[in-house]
$ cat entry.csv   # CSV, C-alpha atoms
chain,number,residue,atom,x,y,z
A,1,MET,CA,-159.8,-131.3,82.6
A,2,SER,CA,-162.2,-134.2,82.7
A,3,HIS,CA,-165.6,-132.8,83.0
A,4,ILE,CA,-167.4,-129.6,83.7
A,5,VAL,CA,-170.7,-129.2,85.5
A,6,GLN,CA,-172.8,-126.0,85.8
A,7,ILE,CA,-174.9,-125.9,89.0
A,8,GLN,CA,-177.8,-123.8,90.2
A,9,THR,CA,-177.1,-123.2,93.9
A,10,GLU,CA,-179.8,-124.5,96.3
A,11,VAL,CA,-179.6,-123.2,99.9
A,12,ARG,CA,-180.0,-126.3,102.0
A,13,ASP,CA,-177.3,-126.2,104.7
A,14,VAL,CA,-177.9,-124.1,107.9
A,15,GLU,CA,-174.3,-124.2,108.9
A,16,ALA,CA,-173.3,-122.8,105.4
A,17,ILE,CA,-175.9,-120.1,105.8
A,18,ARG,CA,-174.3,-119.1,109.1
A,19,MET,CA,-170.8,-119.1,107.7
A,20,ALA,CA,-172.0,-117.0,104.7
A,21,THR,CA,-173.5,-114.4,107.0
A,22,GLN,CA,-170.2,-114.3,109.0
A,23,ARG,CA,-168.2,-114.0,105.8
A,24,LEU,CA,-170.3,-111.0,104.8
A,25,SER,CA,-170.4,-109.5,108.3
A,26,LEU,CA,-174.2,-109.8,108.3
A,27,PRO,CA,-176.4,-110.5,111.4
A,28,GLU,CA,-176.8,-114.1,112.4
A,29,PRO,CA,-179.6,-115.9,110.6
A,30,THR,CA,-182.8,-116.6,112.6
A,31,PHE,CA,-185.4,-119.2,112.1
A,32,GLY,CA,-189.1,-118.3,112.1
A,33,GLU,CA,-192.0,-116.7,110.3
A,34,VAL,CA,-191.0,-113.7,108.3
A,35,ARG,CA,-193.2,-111.0,107.0
A,36,LEU,CA,-192.7,-110.0,103.4
A,37,PHE,CA,-194.7,-107.3,101.6
A,38,SER,CA,-197.8,-109.4,100.9
A,39,GLU,CA,-197.2,-112.7,102.5
A,40,ARG,CA,-195.4,-114.5,105.3
A,41,LYS,CA,-192.7,-117.2,104.8
A,42,THR,CA,-191.2,-119.6,107.3
A,43,GLY,CA,-187.5,-120.4,107.1
A,44,TRP,CA,-184.1,-119.0,107.9
A,45,ALA,CA,-184.2,-115.2,107.7
A,46,VAL,CA,-181.1,-113.4,106.5
A,47,GLN,CA,-181.1,-109.6,106.7
A,48,LEU,CA,-179.1,-108.2,103.8
A,49,PRO,CA,-177.7,-104.7,103.9
A,50,ARG,CA,-180.3,-102.0,103.1
A,51,TRP,CA,-183.0,-104.5,102.3
A,52,ARG,CA,-186.5,-103.6,103.6
A,53,TYR,CA,-187.4,-107.3,104.1
A,54,ALA,CA,-185.2,-110.2,105.1
A,55,VAL,CA,-184.7,-112.9,102.6
A,56,VAL,CA,-186.0,-116.3,103.7
A,57,ALA,CA,-184.1,-119.5,103.0
A,58,ASN,CA,-186.2,-122.7,102.9
A,59,VAL,CA,-183.6,-125.5,103.5
A,60,GLN,CA,-186.2,-128.2,102.6
A,61,THR,CA,-186.7,-126.9,99.1
A,62,GLY,CA,-183.4,-125.0,98.7
A,63,ARG,CA,-185.3,-121.9,97.6
A,64,ILE,CA,-184.9,-118.3,98.7
A,65,ASP,CA,-188.0,-116.2,99.1
A,66,PHE,CA,-187.7,-112.5,99.0
A,67,ASP,CA,-189.5,-109.3,98.1
A,68,ASN,CA,-187.3,-106.4,96.8
A,69,PHE,CA,-189.8,-104.8,94.4
A,70,ASN,CA,-187.4,-105.1,91.5
A,71,GLY,CA,-184.6,-103.5,93.3
A,72,ARG,CA,-186.5,-100.7,95.0
A,73,TRP,CA,-186.5,-102.4,98.4
A,74,GLY,CA,-183.0,-104.0,98.1
A,75,GLU,CA,-180.2,-104.3,95.6
A,76,GLN,CA,-180.0,-107.6,93.7
A,77,ARG,CA,-176.2,-107.6,94.0
A,78,GLN,CA,-176.6,-108.0,97.8
A,79,LEU,CA,-178.6,-111.2,97.3
A,80,ASP,CA,-176.1,-112.4,94.7
A,81,SER,CA,-173.3,-111.8,97.1
A,82,PHE,CA,-175.0,-113.9,99.7
A,83,LEU,CA,-175.7,-116.7,97.3
A,84,GLN,CA,-172.0,-116.6,96.2
A,85,SER,CA,-170.9,-116.7,99.8
A,86,TYR,CA,-173.2,-119.6,100.6
A,87,ALA,CA,-171.9,-121.7,97.7
A,88,VAL,CA,-168.3,-121.0,98.7
A,89,GLU,CA,-168.9,-121.9,102.3
A,90,LYS,CA,-170.9,-125.0,101.4
A,91,ALA,CA,-168.1,-126.2,99.1
A,92,LEU,CA,-165.5,-125.5,101.8
A,93,LEU,CA,-167.5,-127.5,104.3
A,94,GLU,CA,-168.0,-130.5,102.0
A,95,ALA,CA,-164.4,-130.6,100.9
A,96,ARG,CA,-163.1,-130.4,104.4
A,97,ARG,CA,-165.6,-133.1,105.6
A,98,ALA,CA,-164.2,-135.3,102.8
A,99,GLY,CA,-160.7,-134.7,104.1
A,100,HIS,CA,-159.4,-132.6,101.2
A,101,SER,CA,-157.3,-129.5,101.4
A,102,VAL,CA,-158.7,-126.4,99.8
A,103,GLN,CA,-157.2,-123.1,98.5
A,104,GLU,CA,-159.4,-120.1,97.9
A,105,GLN,CA,-158.7,-117.4,95.3
A,106,ALA,CA,-160.6,-114.3,94.3
A,107,LEU,CA,-160.8,-113.8,90.6
A,108,SER,CA,-160.7,-110.4,88.8
A,109,ASN,CA,-164.2,-110.9,87.4
A,110,GLY,CA,-165.7,-111.1,90.9
A,111,ALA,CA,-165.9,-114.9,90.9
A,112,ILE,CA,-164.3,-117.0,93.7
A,113,LYS,CA,-162.3,-120.1,92.8
A,114,LEU,CA,-161.7,-123.0,95.2
A,115,THR,CA,-159.0,-125.5,94.3
A,116,ILE,CA,-159.6,-128.8,96.0
A,117,GLN,CA,-156.8,-131.3,96.1
A,118,THR,CA,-158.0,-134.8,96.4
A,119,GLY,CA,-154.7,-136.1,97.6
A,120,GLU,CA,-154.2,-138.4,94.7
A,121,SER,CA,-151.8,-138.2,91.8
A,122,HIS,CA,-151.8,-140.0,88.5
B,1,MET,CA,-152.3,-134.1,90.6
B,2,LYS,CA,-156.1,-134.7,90.7
B,3,THR,CA,-157.9,-131.6,91.6
B,4,ILE,CA,-161.5,-130.3,91.6
B,5,GLU,CA,-162.0,-126.6,90.9
B,6,VAL,CA,-165.2,-124.9,92.1
B,7,ILE,CA,-165.8,-121.5,90.5
B,8,VAL,CA,-168.6,-119.5,92.1
B,9,LEU,CA,-169.7,-116.6,90.0
B,10,SER,CA,-170.8,-113.3,91.5
B,11,ASP,CA,-174.5,-114.3,91.1
B,12,GLY,CA,-174.0,-117.6,93.0
B,13,THR,CA,-174.1,-120.0,90.1
B,14,THR,CA,-171.3,-122.5,90.3
B,15,ARG,CA,-169.1,-124.4,87.9
B,16,VAL,CA,-167.3,-127.6,89.0
B,17,GLU,CA,-164.3,-128.7,86.9
B,18,THR,CA,-162.3,-131.8,87.5
B,19,HIS,CA,-158.7,-132.0,86.4
B,20,GLY,CA,-156.3,-134.9,86.1
B,21,PHE,CA,-159.0,-137.6,86.2
B,22,VAL,CA,-159.6,-140.2,83.5
B,23,GLY,CA,-162.9,-141.7,82.5
B,24,GLU,CA,-165.7,-142.1,84.9
B,25,GLU,CA,-163.6,-141.4,88.0
B,26,CYS,CA,-164.0,-137.7,87.5
B,27,ARG,CA,-167.8,-137.9,88.0
B,28,GLN,CA,-167.3,-140.1,91.1
B,29,ALA,CA,-164.8,-137.6,92.5
B,30,SER,CA,-166.9,-134.5,92.2
B,31,ARG,CA,-170.4,-136.1,92.8
B,32,PHE,CA,-170.3,-135.2,96.5
B,33,LEU,CA,-169.8,-131.5,95.7
B,34,GLU,CA,-172.4,-131.4,92.9
B,35,SER,CA,-175.2,-132.9,94.9
B,36,ALA,CA,-174.4,-130.8,97.9
B,37,LEU,CA,-174.3,-127.5,96.0
B,38,GLY,CA,-177.6,-127.8,94.1
B,39,GLN,CA,-179.2,-128.7,90.8
B,40,THR,CA,-177.0,-129.7,87.8
B,41,MET,CA,-177.9,-127.5,84.9
B,42,SER,CA,-175.5,-128.8,82.3
B,43,GLU,CA,-172.5,-131.1,82.0
B,44,SER,CA,-169.8,-131.3,79.4
B,45,LEU,CA,-167.2,-134.1,79.1
B,46,THR,CA,-163.6,-133.5,77.9
B,47,THR,CA,-161.2,-135.6,76.0
B,48,GLU,CA,-159.6,-136.9,79.2
B,49,PHE,CA,-163.0,-138.4,80.2
B,50,HIS,CA,-163.0,-140.5,77.1
B,51,GLN,CA,-159.5,-141.8,77.6
B,52,GLU,CA,-159.3,-145.4,78.7
B,53,SER,CA,-156.3,-147.0,80.4
B,54,ASN,CA,-154.3,-148.4,77.5
B,55,PHE,CA,-151.4,-149.6,79.6
B,56,GLN,CA,-150.0,-152.9,78.5
B,57,PRO,CA,-146.9,-154.3,80.2
B,58,ILE,CA,-144.0,-155.0,77.9
B,59,GLN,CA,-142.9,-158.6,78.1
B,60,LEU,CA,-139.2,-159.3,77.9
B,61,HIS,CA,-138.0,-162.5,76.5
B,62,GLN,CA,-134.5,-163.6,77.2
B,63,GLN,CA,-132.7,-165.7,74.7
B,64,GLU,CA,-130.8,-168.7,76.2
$ encode --input "entry.csv" --output "structure tokens"
Amino acid sequence: MSHIVQIQTEVRDVEAIRMATQRLSLPEPTFGEVRLFSERKTGWAVQLPRWRYAVVANVQTGRIDFDNFNGRWGEQRQLDSFLQSYAVEKALLEARRAGHSVQEQALSNGAIKLTIQTGESH
Amino acid sequence: MKTIEVIVLSDGTTRVETHGFVGEECRQASRFLESALGQTMSESLTTEFHQESNFQPIQLHQQE
């Protein structure tokens, strides 16, 4: 290998948000003002399974706003799953836009691995 | 074969690994993915990165 980079995912692509909700069989995301417990946020609302409030993706900042009262109003693993799906779909979109072929593989530790062939050999 | 591996952990954090590249080309190859996915938290370089092309053609001299 040549170099390794660790990345904190930022949610900035609406198409990838849509693909992630499809991957997880969630309702389509909707744009608008969303009521959380004590405030309102504007962005792309994603309704996660058994969450009291939708999570709100701000594609300008890449942040996700949510209110799950430390797990009482929604399981963290559902949000983690959405973020994982988003990152996978975003990587797939970008790789295909660049003309590369991609293989996807589920790993035993719950991670998802994408292998992107750049079409070059050395 | 030059490949880029994207490993997305169950919490959504992502690791991008390049394979088969030498020197700076690995950074160039994966930059489009790194910037699209989010904020880089850390980077480590491997021995392949520090290799330079040491190829020198062998010159044959024919005796007449």
$ interface_residues --input "entry.csv" --of "chain B" --to "chain A" --cutoff "6 Å" --atoms "all atoms listed in the file" --output "count of residues only"
32
$ atom_distance --input "entry.csv" --atom1 "CA of Thr30 in chain A" --atom2 "CA of Arg97 in chain A"
24.8 Å
$ atom_distance --input "entry.csv" --atom1 "CA of Leu33 in chain B" --atom2 "CA of Phe66 in chain A"
26.3 Å
$ atom_distance --input "entry.csv" --atom1 "CA of Lys41 in chain A" --atom2 "CA of Val59 in chain A"
12.4 Å
$ residues_around --input "entry.csv" --residues "Arg72 in chain A" --least-positions-apart "5" --cutoff "12 Å" --atoms "only C-alpha atoms" --output "list in words"
Arg50, Trp51, Arg52, Tyr53 and Asp67 of chain A
$ closest_residue --input "entry.csv" --among "A:Ala45, A:Met19, A:Ile64, A:Ala57" --to "Phe31 in chain A" --atoms "all atoms listed in the file"
A:Ala45
